[in-house]
Amino acid sequence: MKPIVSVIGRPNVGKSTFFNRVTRAKNALVDNFPGVTRDRIFGDAVWNDVEFTLVDTGGYADDDQDLFAGPIRAQINQAIAEAEAVIMILDGKGGVSPFDRDLMALLRSSDKPVLYAVNKIDGEEQEDRLYEFYSLGIDVPFPISAEHGYGISDLLDELVSVIPTFRTDPAKEMIRIAVVGRPNAGKSSLINRILGEERLVVSDIPGTTRDAVDTICKVNQKSYCLIDTAGIRRKGKVTEKIEKFSIIKALRSLDRCDIALIVIDAADGITDQDISIAGYAHERGCGCILLLNKWDLVEKENNTAKTYYERLRLASKFLSFAPAMTISALTGQRVSKIFSRVDAVYEQYSTRIGTGQLNKILSEALVRNEPSLHQGKRLKFYYATQVSTKPPTFVCFVNYPEAVHFSYERYLMNQIREGTGLTQTPIRLLLRQRTGRIEFGKKKKERDPKKSRK
Ligand code: GDP
Ligand code: GDP
């Protein structure tokens, strides 16, 4: 289940406007709650690759006299109980009302993280409307305009850093593998070899796109999903001639996979097309394993494999983290070893790094090698956090993200790799603008996310 984020607040503060802005409203589901005037609405949302379900609690009508009348109270309690985080919306135009205090008292008695958004602040010039909300004891009110979008991204950045990220039981989770490569590289031979020889339990299941059929196989008691392979497996002699290299098909598989097996015909040498396919896999953030296939055809002398690896590395520098191996789909050489590589890459690909460890690595990296000035001003790096896995994605707040040089960004990424041991997976570092936050190496004072949980 995705984490649930409940939106609560008194009538007319802008809850549904907020809900519509943040969710893909077309997926919204409506659920009625007995005794209240408006139904609850559920909608899926995603921010910085973190998925969650937003619930507009609906609630009570304007003329409800008592907020704590039975059904309303029950609904609010349920909204808090079932949520991983709560967003309370306040009305920056209407100001503080007694209802707000009652609601906040209720929220404070729970241990859920709560973010307070003061809505209808339609631009920076209206931020002085925030002041009266400090009187409620809110440490960090977020000024937003649900209608115009002002402040929403700051609020959501904070939200995804406090909600537990959607994760299913890793033991039950199936690793999804795409096999890509140019025509005749040996994709179908490899798949048939994997599915045939290993005496696997094989079953076909419909993929998510029309005409994609996936295959589940079991290796060493572990299930893997081979994406869009049923068609390849059945490919007969006739269609073999007809089937052209379909980039769209490859892209679709890459979009759905965790790990891409990039099959290269080693006998034919490494071509531009191989590299561009590897590039697609990289752009999509897949874990990648490079397979130099038809190794049986390659004439071997001393260090032949080494020479091939070097050539491959040189041509695909962007994939320097991806393990490479020589195999033969025809003879089966090393084919069984592919899955232990897949497991190793996947483990890193789905890893979560603690915020403490991450910030330690970054603050040390910043001290060792200071960023250059931006228009005479110092670049300041604030707090960093991992916002998602698959691939591990980190957000770091900076005062001028656009001024961070590409090479410096790469330096930081390498430091993260080194410090965390994420050496075989792609990682992402997103720089986001933020001012006035806790700078690395400075004492934490404002906006401690734990504080607003109370
Ligand atoms: P709900 O009852 O809490 O769901 O509130 P609604 O989303 O229905 O909004 C109540 C009213 O506030 C509507 O007339 C909205 O157009 C207005 N409103 C919502 N968000 C904003 C905002 O950001 N700025 C302004 N100026 N008005 C807003
Ligand atoms: P696909 O188009 O990528 O699916 O490639 P196929 O699996 O159809 O293979 C293309 C040709 O290469 C076929 O004639 C295969 O028999 C041959 N082939 C595939 N893998 C190997 C291998 O490891 N060694 C040798 N010698 N031939 C191979």
# chains A, B, ... in the order shown; residues from 1 in each chain; ligands from 1
>>> closest_atom_pairs(of="chain A", to="ligand 1", cutoff="7 Å", atoms="only C-alpha atoms and all ligand atoms", output="tab-separated table")
residue	atom	partner	partner_atom_place_in_ligand_line	distance
A:Gly9	CA	ligand 1	3 (O)	6.4
A:Arg10	CA	ligand 1	3 (O)	6.2
A:Pro11	CA	ligand 1	2 (O)	4.1
A:Asn12	CA	ligand 1	2 (O)	3.4
A:Val13	CA	ligand 1	3 (O)	4.1
A:Gly14	CA	ligand 1	7 (O)	3.2
A:Lys15	CA	ligand 1	3 (O)	3.6
A:Ser16	CA	ligand 1	4 (O)	3.7
A:Thr17	CA	ligand 1	7 (O)	3.7
A:Phe18	CA	ligand 1	7 (O)	6.4
A:Gly58	CA	ligand 1	4 (O)	6.6
A:Asn119	CA	ligand 1	23 (O)	5.3
A:Lys120	CA	ligand 1	24 (N)	3.4
A:Ile121	CA	ligand 1	23 (O)	6.1
A:Asp122	CA	ligand 1	24 (N)	5.6
A:Ile144	CA	ligand 1	23 (O)	6.5
A:Ser145	CA	ligand 1	23 (O)	3.3
A:Ala146	CA	ligand 1	23 (O)	3.9
A:Glu147	CA	ligand 1	23 (O)	3.9
A:His148	CA	ligand 1	23 (O)	5.8
>>> write_last_selection(atoms="C-alpha atoms", output="PDB file, in the first residue's frame")
ATOM      1  CA  GLY A   9      -9.175  21.535   7.775  1.00  0.00           C
ATOM      2  CA  ARG A  10     -12.403  23.363   8.317  1.00  0.00           C
ATOM      3  CA  PRO A  11     -14.793  24.065   5.437  1.00  0.00           C
ATOM      4  CA  ASN A  12     -13.757  26.425   2.656  1.00  0.00           C
ATOM      5  CA  VAL A  13     -10.091  26.583   3.542  1.00  0.00           C
ATOM      6  CA  GLY A  14      -9.297  25.086   0.127  1.00  0.00           C
ATOM      7  CA  LYS A  15      -8.942  21.359   0.772  1.00  0.00           C
ATOM      8  CA  SER A  16     -10.490  20.230  -2.469  1.00  0.00           C
ATOM      9  CA  THR A  17      -8.628  22.861  -4.453  1.00  0.00           C
ATOM     10  CA  PHE A  18      -5.425  21.556  -2.897  1.00  0.00           C
ATOM     11  CA  GLY A  58     -14.353  16.190   3.092  1.00  0.00           C
ATOM     12  CA  ASN A 119      -3.668  28.581   2.081  1.00  0.00           C
ATOM     13  CA  LYS A 120      -4.854  31.510  -0.024  1.00  0.00           C
ATOM     14  CA  ILE A 121      -1.487  33.201   0.206  1.00  0.00           C
ATOM     15  CA  ASP A 122      -1.463  33.993  -3.461  1.00  0.00           C
ATOM     16  CA  ILE A 144       0.607  28.125  -0.107  1.00  0.00           C
ATOM     17  CA  SER A 145      -1.858  29.000  -2.765  1.00  0.00           C
ATOM     18  CA  ALA A 146      -3.783  25.897  -3.727  1.00  0.00           C
ATOM     19  CA  GLU A 147      -5.409  27.874  -6.481  1.00  0.00           C
ATOM     20  CA  HIS A 148      -2.268  29.336  -8.034  1.00  0.00           C
TER      21      HIS A 148
END
>>> residues_near_ligand(ligand="ligand 2", cutoff="9 Å", atoms="only C-alpha atoms and all ligand atoms", output="VMD selection string")
chain A and resid 179 to 192 232 to 233 235 240 243 to 245 263 to 267 292 to 298 327 to 333
>>> residues_around(residues="Met104 in chain A", least_positions_apart="6", cutoff="12 Å", atoms="only C-alpha atoms", output="list in words")
Ile8, Gly9, Arg10, Ile76, Asn77, Ile80, Val86, Ile87, Met88, Ile89, Leu90, Val96, Ser97, Pro98, Ser110, Val114, Leu115, Tyr116, Phe133, Leu136, Gly137, Ile138, Ser452, Arg453 and Lys454 of chain A
>>> write_last_selection(atoms="C-alpha atoms", output="CSV table (one decimal), in the first residue's frame")
chain,number,residue,atom,x,y,z
A,8,ILE,CA,-7.9,18.1,7.0
A,9,GLY,CA,-9.2,21.5,7.8
A,10,ARG,CA,-12.4,23.4,8.3
A,76,ILE,CA,-11.3,13.2,11.6
A,77,ASN,CA,-9.9,10.6,14.1
A,80,ILE,CA,-5.5,10.8,11.4
A,86,VAL,CA,-1.4,14.8,7.8
A,87,ILE,CA,-1.6,18.1,6.1
A,88,MET,CA,-3.7,20.6,8.0
A,89,ILE,CA,-4.9,23.4,5.8
A,90,LEU,CA,-5.6,26.8,7.3
A,96,VAL,CA,-7.5,31.8,12.7
A,97,SER,CA,-10.7,30.4,13.9
A,98,PRO,CA,-11.6,28.5,17.1
A,110,SER,CA,-1.5,11.8,17.8
A,114,VAL,CA,1.7,17.0,10.6
A,115,LEU,CA,2.4,19.8,8.1
A,116,TYR,CA,0.5,23.1,8.5
A,133,PHE,CA,-0.8,31.6,12.6
A,136,LEU,CA,-1.4,28.8,17.2
A,137,GLY,CA,2.1,27.5,18.1
A,138,ILE,CA,2.9,26.3,14.6
A,452,SER,CA,6.4,19.8,13.4
A,453,ARG,CA,5.3,16.2,14.1
A,454,LYS,CA,3.9,17.1,17.4
>>> select_by_dssp(residues="range 109-181 of chain A", states="strand (DSSP E or B)", output="list in words")
Val114, Leu115, Tyr116, Ala117, Val118, Asn119, Pro141, Phe142, Pro143, Ile175, Arg176, Ile177, Ala178, Val179, Val180 and Gly181 of chain A
>>> write_last_selection(atoms="C-alpha atoms", output="mmCIF file, in the first residue's frame")
data_model
loop_
_atom_site.group_PDB
_atom_site.id
_atom_site.type_symbol
_atom_site.label_atom_id
_atom_site.label_comp_id
_atom_site.auth_asym_id
_atom_site.auth_seq_id
_atom_site.Cartn_x
_atom_site.Cartn_y
_atom_site.Cartn_z
ATOM 1 C CA VAL A 114 1.686 17.050 10.594
ATOM 2 C CA LEU A 115 2.437 19.814 8.138
ATOM 3 C CA TYR A 116 0.549 23.064 8.494
ATOM 4 C CA ALA A 117 -0.277 24.813 5.242
ATOM 5 C CA VAL A 118 -1.688 28.323 5.304
ATOM 6 C CA ASN A 119 -3.668 28.581 2.081
ATOM 7 C CA PRO A 141 3.669 27.222 8.635
ATOM 8 C CA PHE A 142 3.919 26.673 4.890
ATOM 9 C CA PRO A 143 2.421 29.546 2.907
ATOM 10 C CA ILE A 175 12.787 -8.284 -9.672
ATOM 11 C CA ARG A 176 11.737 -7.177 -13.122
ATOM 12 C CA ILE A 177 14.255 -7.796 -15.851
ATOM 13 C CA ALA A 178 14.268 -6.461 -19.397
ATOM 14 C CA VAL A 179 16.450 -8.035 -22.061
ATOM 15 C CA VAL A 180 17.452 -5.477 -24.662
ATOM 16 C CA GLY A 181 19.933 -5.271 -27.477
#
>>> select_by_dssp(residues="range 219-418 of chain A", states="alpha helix (DSSP H)", output="PyMOL selection string")
chain A and resi 230-234+237-242+247-256+272-283+304-315+338-349+355-368+406-418
>>> atom_distance(atom1="CA of Ser316 in chain A", atom2="CA of Ile275 in chain A")
6.3 Å
>>> atom_distance(atom1="CA of Lys112 in chain A", atom2="CA of Gly151 in chain A")
22.4 Å
>>> atom_distance(atom1="CA of Asn399 in chain A", atom2="CA of Pro371 in chain A")
12.2 Å
>>> decode(residues="range 118-160 of chain A", atoms="N, CA and C atoms", output="compact mmCIF listing (two decimals), in the first residue's frame")
# COMPACT_ATOMS: atom_id res chain seq x y z
N VAL A 118 -0.79 27.17 5.25
CA VAL A 118 -1.69 28.32 5.30
C VAL A 118 -2.01 28.70 3.86
N ASN A 119 -3.25 28.44 3.48
CA ASN A 119 -3.67 28.58 2.08
C ASN A 119 -4.16 30.00 1.77
N LYS A 120 -4.36 30.23 0.50
CA LYS A 120 -4.85 31.51 -0.02
C LYS A 120 -3.82 32.62 0.16
N ILE A 121 -2.57 32.21 0.25
CA ILE A 121 -1.49 33.20 0.21
C ILE A 121 -1.04 33.18 -1.24
N ASP A 122 -1.56 34.11 -2.01
CA ASP A 122 -1.46 33.99 -3.46
C ASP A 122 -0.17 34.58 -4.02
N GLY A 123 0.82 34.78 -3.18
CA GLY A 123 2.11 35.28 -3.65
C GLY A 123 2.91 35.74 -2.45
N GLU A 124 4.20 35.97 -2.72
CA GLU A 124 5.12 36.31 -1.64
C GLU A 124 4.64 37.54 -0.86
N GLU A 125 4.04 38.50 -1.61
CA GLU A 125 3.65 39.76 -0.98
C GLU A 125 2.55 39.57 0.06
N GLN A 126 1.92 38.38 0.03
CA GLN A 126 0.86 38.15 1.02
C GLN A 126 1.34 37.34 2.21
N GLU A 127 2.65 37.10 2.28
CA GLU A 127 3.15 36.22 3.34
C GLU A 127 2.98 36.79 4.75
N ASP A 128 2.73 38.12 4.84
CA ASP A 128 2.54 38.67 6.19
C ASP A 128 1.26 38.14 6.84
N ARG A 129 0.40 37.53 6.01
CA ARG A 129 -0.80 36.89 6.58
C ARG A 129 -0.45 35.69 7.45
N LEU A 130 0.79 35.24 7.34
CA LEU A 130 1.22 34.06 8.10
C LEU A 130 1.29 34.33 9.60
N TYR A 131 1.62 35.61 9.93
CA TYR A 131 2.01 35.89 11.32
C TYR A 131 1.01 35.42 12.35
N GLU A 132 -0.27 35.67 12.07
CA GLU A 132 -1.22 35.32 13.12
C GLU A 132 -1.27 33.82 13.39
N PHE A 133 -0.74 33.03 12.42
CA PHE A 133 -0.78 31.58 12.63
C PHE A 133 0.30 31.09 13.58
N TYR A 134 1.32 31.92 13.76
CA TYR A 134 2.32 31.55 14.77
C TYR A 134 1.68 31.50 16.15
N SER A 135 0.62 32.29 16.32
CA SER A 135 -0.05 32.30 17.63
C SER A 135 -0.67 30.95 17.97
N LEU A 136 -0.84 30.11 16.95
CA LEU A 136 -1.37 28.77 17.22
C LEU A 136 -0.26 27.84 17.70
N GLY A 137 0.97 28.34 17.67
CA GLY A 137 2.08 27.50 18.10
C GLY A 137 2.65 26.65 16.97
N ILE A 138 2.40 27.07 15.74
CA ILE A 138 2.95 26.32 14.60
C ILE A 138 4.38 26.81 14.36
N ASP A 139 5.32 25.87 14.37
CA ASP A 139 6.72 26.25 14.16
C ASP A 139 6.96 26.71 12.74
N VAL A 140 6.51 25.88 11.82
CA VAL A 140 6.82 26.14 10.41
C VAL A 140 5.56 26.11 9.58
N PRO A 141 4.83 27.22 9.52
CA PRO A 141 3.67 27.22 8.63
C PRO A 141 4.15 27.34 7.18
N PHE A 142 3.56 26.57 6.30
CA PHE A 142 3.92 26.67 4.89
C PHE A 142 2.92 27.58 4.19
N PRO A 143 3.35 28.71 3.66
CA PRO A 143 2.42 29.55 2.91
C PRO A 143 2.15 28.90 1.55
N ILE A 144 0.89 28.70 1.22
CA ILE A 144 0.61 28.13 -0.11
C ILE A 144 -0.58 28.83 -0.76
N SER A 145 -0.65 28.65 -2.06
CA SER A 145 -1.86 29.00 -2.77
C SER A 145 -2.29 27.77 -3.55
N ALA A 146 -3.31 27.10 -3.05
CA ALA A 146 -3.78 25.90 -3.73
C ALA A 146 -4.30 26.26 -5.11
N GLU A 147 -4.82 27.47 -5.21
CA GLU A 147 -5.41 27.87 -6.48
C GLU A 147 -4.33 28.22 -7.51
N HIS A 148 -3.27 28.88 -7.07
CA HIS A 148 -2.27 29.34 -8.03
C HIS A 148 -0.95 28.57 -7.99
N GLY A 149 -0.82 27.68 -7.03
CA GLY A 149 0.38 26.85 -7.01
C GLY A 149 1.53 27.39 -6.19
N TYR A 150 1.38 28.58 -5.67
CA TYR A 150 2.47 29.19 -4.91
C TYR A 150 2.80 28.34 -3.67
N GLY A 151 4.10 28.05 -3.46
CA GLY A 151 4.52 27.37 -2.24
C GLY A 151 4.26 25.87 -2.19
N ILE A 152 3.56 25.35 -3.19
CA ILE A 152 3.19 23.93 -3.15
C ILE A 152 4.43 23.03 -3.18
N SER A 153 5.43 23.40 -3.98
CA SER A 153 6.57 22.50 -4.12
C SER A 153 7.37 22.41 -2.83
N ASP A 154 7.49 23.51 -2.10
CA ASP A 154 8.19 23.45 -0.81
C ASP A 154 7.45 22.53 0.16
N LEU A 155 6.14 22.66 0.16
CA LEU A 155 5.34 21.83 1.05
C LEU A 155 5.51 20.35 0.70
N LEU A 156 5.46 20.04 -0.59
CA LEU A 156 5.55 18.63 -1.00
C LEU A 156 6.95 18.07 -0.78
N ASP A 157 7.98 18.92 -0.95
CA ASP A 157 9.34 18.48 -0.64
C ASP A 157 9.42 18.00 0.80
N GLU A 158 8.83 18.82 1.65
CA GLU A 158 8.87 18.48 3.08
C GLU A 158 8.04 17.22 3.33
N LEU A 159 6.88 17.17 2.69
CA LEU A 159 6.00 16.01 2.89
C LEU A 159 6.71 14.71 2.55
N VAL A 160 7.34 14.64 1.38
CA VAL A 160 7.93 13.36 0.99
C VAL A 160 9.15 13.03 1.84
